[in-house]
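Participant: Okay, handing you the structure first.
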Protein chains: 2
Amino acid sequence: MSENSIAHGSFTIEQIYPAKPQKVFKAYSDPVIKRRWFAEGEGWDIETYDLDFRVGGKESSCFRFQGGDLITFDATYFDIVPDNRIIIAYDMTVAGRRISASLATTEIVPEGSGSKLIFTEQGAYLDGQDQILQREHGTRELLEALAKELAREG
Amino acid sequence: MSENSIAHGSFTIEQIYPAKPQKVFKAYSDPVIKRRWFAEGEGWDIETYDLDFRVGGKESSCFRFQGGDLITFDATYFDIVPDNRIIIAYDMTVAGRRISASLATTEIVPEGSGSKLIFTEQGAYLDGQDQILQREHGTRELLEALAKELAREG
């Protein structure tokens, strides 16, 4: 894990939600809802959050956790199939240093009366600054926040 | 391989070139040189080629092979370390249908009096329209075209 190293890796998380694919998809496509479960949360200070949900559009967020270093997330939307599929590429920086670049696919399919979400990240984790296990852990937390959002929306 | 399917996969290709990392990197960063080995070639009709080689910049190409369907390549540059590392995310379409979205990392390191290039693609191949073995084959051809370009430049 030296200077200018790349650790490649991937992980997949499947999650069942008691909500139709249309509703899960809306939690990704609506900037107000997406910000609530994806960016906000106790201890997180959001400096900026923008989502332009269309192929070629961007999503960007600048935030800090408990007053720590500035963290940035910048995504480009590569593919959108309504109610079914979202593909982004994104990078993250911490204190001005890029820590990763990733391709992330989200598939949403009907499962009983609800949905199954299949998230797959294929990433390049840079210069020993981030690790795939941390990213997977953070992603699981986000998908749990989405579960709460979907329950809240009733 | 049904409608709206995703096949995830990755491959790595290593190649040795008898040229310094600076020269290999220049073949990626100079739009005139890059176009020559990356886009042009016998049987390929290039309709457009543009490269804005900087972090956040775009590369795009529209082309046909032997008068066939229009193929597009659109990349965003996520990370650049001069003479050492290039990370892009890109997608491709054929006849207006997206066939893939990929993260591609290129590492260039000194090897004896030349360079070792390590190319890794992590991709989502869509709707049964493309396969990772085809992509790996096409990438090997590109890296051979780069070898010829480096020899030509002398």
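Residues in the structure tokens are named by chain (A, B, ... in the order shown) and by number from 1 within that chain; ligands are numbered from 1 in the order shown.
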Residues at most 6 Å from Glu59 of chain A, counting only C-alpha atoms, excluding those fewer than 2 positions away in the same chain, as a PyMOL selection string?

Facilitator: chain A and resi 50-51+74-75

Participant: Write out as a PyMOL selection string all residues of chain B that DSSP puts in alpha helix (DSSP H) for this structure's backbone.

Facilitator: chain B and resi 21-29+31-34+132-153

Participant: Give the residues of chain B that lie within 10 Å of chain A; count only C-alpha atoms, and format the answer as a PDB file with N, CA and C atoms, in the first residue's frame.

Facilitator:
ATOM      1  N   ASN B   4     -32.220  -6.148 -20.049  1.00  0.00           N
ATOM      2  CA  ASN B   4     -31.842  -5.481 -18.804  1.00  0.00           C
ATOM      3  C   ASN B   4     -31.030  -6.341 -17.844  1.00  0.00           C
ATOM      4  N   SER B   5     -30.178  -7.191 -18.397  1.00  0.00           N
ATOM      5  CA  SER B   5     -29.280  -7.960 -17.544  1.00  0.00           C
ATOM      6  C   SER B   5     -27.935  -7.239 -17.426  1.00  0.00           C
ATOM      7  N   ILE B   6     -27.223  -7.552 -16.337  1.00  0.00           N
ATOM      8  CA  ILE B   6     -25.859  -7.044 -16.159  1.00  0.00           C
ATOM      9  C   ILE B   6     -24.938  -8.231 -15.902  1.00  0.00           C
ATOM     10  N   HIS B   8     -21.238  -8.723 -14.669  1.00  0.00           N
ATOM     11  CA  HIS B   8     -20.059  -8.035 -14.146  1.00  0.00           C
ATOM     12  C   HIS B   8     -18.809  -8.868 -14.414  1.00  0.00           C
ATOM     13  N   GLY B   9     -17.713  -8.216 -14.648  1.00  0.00           N
ATOM     14  CA  GLY B   9     -16.472  -8.950 -14.843  1.00  0.00           C
ATOM     15  C   GLY B   9     -15.282  -8.029 -14.841  1.00  0.00           C
ATOM     16  N   SER B  10     -14.102  -8.623 -14.794  1.00  0.00           N
ATOM     17  CA  SER B  10     -12.883  -7.808 -14.851  1.00  0.00           C
ATOM     18  C   SER B  10     -11.765  -8.602 -15.503  1.00  0.00           C
ATOM     19  N   ASP B  74     -17.456   6.933 -24.788  1.00  0.00           N
ATOM     20  CA  ASP B  74     -17.458   8.178 -24.014  1.00  0.00           C
ATOM     21  C   ASP B  74     -16.845   7.934 -22.650  1.00  0.00           C
ATOM     22  N   THR B  76     -14.876   9.593 -19.024  1.00  0.00           N
ATOM     23  CA  THR B  76     -14.584  10.698 -18.107  1.00  0.00           C
ATOM     24  C   THR B  76     -13.294  10.351 -17.366  1.00  0.00           C
ATOM     25  N   PHE B  78     -11.038  10.307 -14.276  1.00  0.00           N
ATOM     26  CA  PHE B  78     -11.227  10.396 -12.825  1.00  0.00           C
ATOM     27  C   PHE B  78      -9.927  10.667 -12.070  1.00  0.00           C
ATOM     28  N   ASP B  79      -8.822  10.201 -12.603  1.00  0.00           N
ATOM     29  CA  ASP B  79      -7.558  10.362 -11.868  1.00  0.00           C
ATOM     30  C   ASP B  79      -6.405  10.315 -12.861  1.00  0.00           C
ATOM     31  N   VAL B  81      -2.089  10.620 -12.668  1.00  0.00           N
ATOM     32  CA  VAL B  81      -0.788  10.863 -12.043  1.00  0.00           C
ATOM     33  C   VAL B  81       0.220  10.850 -13.188  1.00  0.00           C
ATOM     34  N   ASN B  84       2.450   7.915 -14.751  1.00  0.00           N
ATOM     35  CA  ASN B  84       2.246   6.759 -13.876  1.00  0.00           C
ATOM     36  C   ASN B  84       0.844   6.158 -13.869  1.00  0.00           C
ATOM     37  N   ARG B  85      -0.208   6.971 -13.869  1.00  0.00           N
ATOM     38  CA  ARG B  85      -1.535   6.385 -13.625  1.00  0.00           C
ATOM     39  C   ARG B  85      -2.622   7.202 -14.302  1.00  0.00           C
ATOM     40  N   ILE B  87      -6.982   6.895 -14.683  1.00  0.00           N
ATOM     41  CA  ILE B  87      -8.218   6.171 -14.368  1.00  0.00           C
ATOM     42  C   ILE B  87      -9.377   6.853 -15.085  1.00  0.00           C
ATOM     43  N   ILE B  88     -10.097   6.050 -15.871  1.00  0.00           N
ATOM     44  CA  ILE B  88     -11.282   6.565 -16.556  1.00  0.00           C
ATOM     45  C   ILE B  88     -12.480   5.669 -16.239  1.00  0.00           C
ATOM     46  N   ALA B  89     -13.666   6.241 -16.392  1.00  0.00           N
ATOM     47  CA  ALA B  89     -14.887   5.442 -16.510  1.00  0.00           C
ATOM     48  C   ALA B  89     -15.429   5.735 -17.900  1.00  0.00           C
ATOM     49  N   TYR B  90     -15.937   4.695 -18.570  1.00  0.00           N
ATOM     50  CA  TYR B  90     -16.431   4.906 -19.936  1.00  0.00           C
ATOM     51  C   TYR B  90     -17.596   3.999 -20.237  1.00  0.00           C
ATOM     52  N   ASP B  91     -18.390   4.447 -21.191  1.00  0.00           N
ATOM     53  CA  ASP B  91     -19.419   3.540 -21.700  1.00  0.00           C
ATOM     54  C   ASP B  91     -19.321   3.465 -23.213  1.00  0.00           C
ATOM     55  N   MET B  92     -19.946   2.436 -23.760  1.00  0.00           N
ATOM     56  CA  MET B  92     -19.991   2.262 -25.206  1.00  0.00           C
ATOM     57  C   MET B  92     -21.419   1.975 -25.620  1.00  0.00           C
ATOM     58  N   ARG B  98     -26.770   1.067 -25.303  1.00  0.00           N
ATOM     59  CA  ARG B  98     -25.602   0.987 -24.440  1.00  0.00           C
ATOM     60  C   ARG B  98     -25.243  -0.485 -24.225  1.00  0.00           C
ATOM     61  N   SER B 100     -22.161  -1.356 -22.484  1.00  0.00           N
ATOM     62  CA  SER B 100     -21.300  -1.552 -21.321  1.00  0.00           C
ATOM     63  C   SER B 100     -21.014  -0.238 -20.613  1.00  0.00           C
ATOM     64  N   ALA B 101     -20.662  -0.361 -19.337  1.00  0.00           N
ATOM     65  CA  ALA B 101     -20.080   0.749 -18.562  1.00  0.00           C
ATOM     66  C   ALA B 101     -18.915   0.143 -17.788  1.00  0.00           C
ATOM     67  N   SER B 102     -17.784   0.827 -17.786  1.00  0.00           N
ATOM     68  CA  SER B 102     -16.562   0.226 -17.235  1.00  0.00           C
ATOM     69  C   SER B 102     -15.724   1.243 -16.482  1.00  0.00           C
ATOM     70  N   LEU B 103     -14.970   0.744 -15.520  1.00  0.00           N
ATOM     71  CA  LEU B 103     -13.900   1.508 -14.895  1.00  0.00           C
ATOM     72  C   LEU B 103     -12.593   0.919 -15.412  1.00  0.00           C
ATOM     73  N   ALA B 104     -11.709   1.746 -15.924  1.00  0.00           N
ATOM     74  CA  ALA B 104     -10.456   1.247 -16.495  1.00  0.00           C
ATOM     75  C   ALA B 104      -9.284   1.991 -15.891  1.00  0.00           C
ATOM     76  N   THR B 105      -8.341   1.240 -15.338  1.00  0.00           N
ATOM     77  CA  THR B 105      -7.140   1.847 -14.769  1.00  0.00           C
ATOM     78  C   THR B 105      -5.934   1.427 -15.598  1.00  0.00           C
ATOM     79  N   THR B 106      -5.063   2.376 -15.861  1.00  0.00           N
ATOM     80  CA  THR B 106      -3.814   2.124 -16.582  1.00  0.00           C
ATOM     81  C   THR B 106      -2.674   2.569 -15.690  1.00  0.00           C
ATOM     82  N   GLU B 107      -1.807   1.633 -15.344  1.00  0.00           N
ATOM     83  CA  GLU B 107      -0.618   1.955 -14.543  1.00  0.00           C
ATOM     84  C   GLU B 107       0.610   1.769 -15.428  1.00  0.00           C
ATOM     85  N   THR B 120      -6.281  -2.588 -16.210  1.00  0.00           N
ATOM     86  CA  THR B 120      -7.339  -3.365 -15.553  1.00  0.00           C
ATOM     87  C   THR B 120      -8.683  -2.756 -15.872  1.00  0.00           C
ATOM     88  N   GLU B 121      -9.581  -3.563 -16.381  1.00  0.00           N
ATOM     89  CA  GLU B 121     -10.961  -3.112 -16.604  1.00  0.00           C
ATOM     90  C   GLU B 121     -11.886  -3.872 -15.681  1.00  0.00           C
ATOM     91  N   GLN B 122     -12.762  -3.112 -15.005  1.00  0.00           N
ATOM     92  CA  GLN B 122     -13.849  -3.693 -14.213  1.00  0.00           C
ATOM     93  C   GLN B 122     -15.125  -3.187 -14.867  1.00  0.00           C
ATOM     94  N   GLY B 123     -15.958  -4.101 -15.362  1.00  0.00           N
ATOM     95  CA  GLY B 123     -17.060  -3.635 -16.190  1.00  0.00           C
ATOM     96  C   GLY B 123     -18.394  -4.280 -15.901  1.00  0.00           C
ATOM     97  N   ALA B 124     -19.422  -3.576 -16.363  1.00  0.00           N
ATOM     98  CA  ALA B 124     -20.790  -4.083 -16.354  1.00  0.00           C
ATOM     99  C   ALA B 124     -21.201  -4.193 -17.827  1.00  0.00           C
ATOM    100  N   LEU B 126     -23.876  -5.166 -20.616  1.00  0.00           N
ATOM    101  CA  LEU B 126     -25.328  -5.005 -20.471  1.00  0.00           C
ATOM    102  C   LEU B 126     -26.159  -5.800 -21.468  1.00  0.00           C
TER     103      LEU B 126
END

Participant: Measuring between only C-alpha atoms, which one of A:Asp83, A:Glu3, A:Glu141, A:Asp30 shows the shortest distance to Lys116 of chain A?

Facilitator: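 So, comparing all the options, the nearest one is A:Asp83.
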
Participant: Quick one: pick out all strand (DSSP E) residues within chain B from a backbone DSSP run and write them as number ranges by chain.

Facilitator: B: 6-17, 44-51, 58-65, 71-81, 85-94, 97-111, 114-126

Participant: With a distance cut-off of 10 Å and only C-alpha atoms, select the neighbouring residues of Pro82 of chain B, excluding the residue or stretch itself and same-chain residues fewer than 5 positions from it, and output the selection as a ChimeraX atom specification.

Facilitator: /B:21-22,25-26,29,108

Participant: To one decimal in Å, tell me the separation between atom CA of Ser61 of chain A and atom CA of Glu136 of chain A.

Facilitator: 19.1 Å

Participant: Find the residues around Glu14 of chain B up to 8 Å (only C-alpha atoms counted), leave out those fewer than 6 positions away in its own chain, and share them as a list in words.

Facilitator: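 Answer for this query is Lys116, Leu117, Ile118 and Phe119 of chain B.
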
Participant: If you keep N, CA, C and O atoms, can you produce a file of those selected residues as a short mmCIF file (atom, residue, chain, number, x, y, z; two decimals), in the first residue's frame?

Facilitator:
data_model
loop_
_atom_site.label_atom_id
_atom_site.label_comp_id
_atom_site.auth_asym_id
_atom_site.auth_seq_id
_atom_site.Cartn_x
_atom_site.Cartn_y
_atom_site.Cartn_z
N LYS B 116 6.52 -1.13 -17.95
CA LYS B 116 5.46 -2.13 -17.87
C LYS B 116 4.14 -1.39 -17.73
O LYS B 116 4.02 -0.49 -16.88
N LEU B 117 3.19 -1.73 -18.59
CA LEU B 117 1.85 -1.14 -18.51
C LEU B 117 0.91 -2.21 -17.96
O LEU B 117 0.92 -3.36 -18.42
N ILE B 118 0.13 -1.83 -16.96
CA ILE B 118 -0.85 -2.75 -16.37
C ILE B 118 -2.23 -2.13 -16.56
O ILE B 118 -2.54 -1.09 -15.97
N PHE B 119 -3.03 -2.77 -17.39
CA PHE B 119 -4.38 -2.28 -17.68
C PHE B 119 -5.38 -3.19 -16.97
O PHE B 119 -5.33 -4.40 -17.11
#
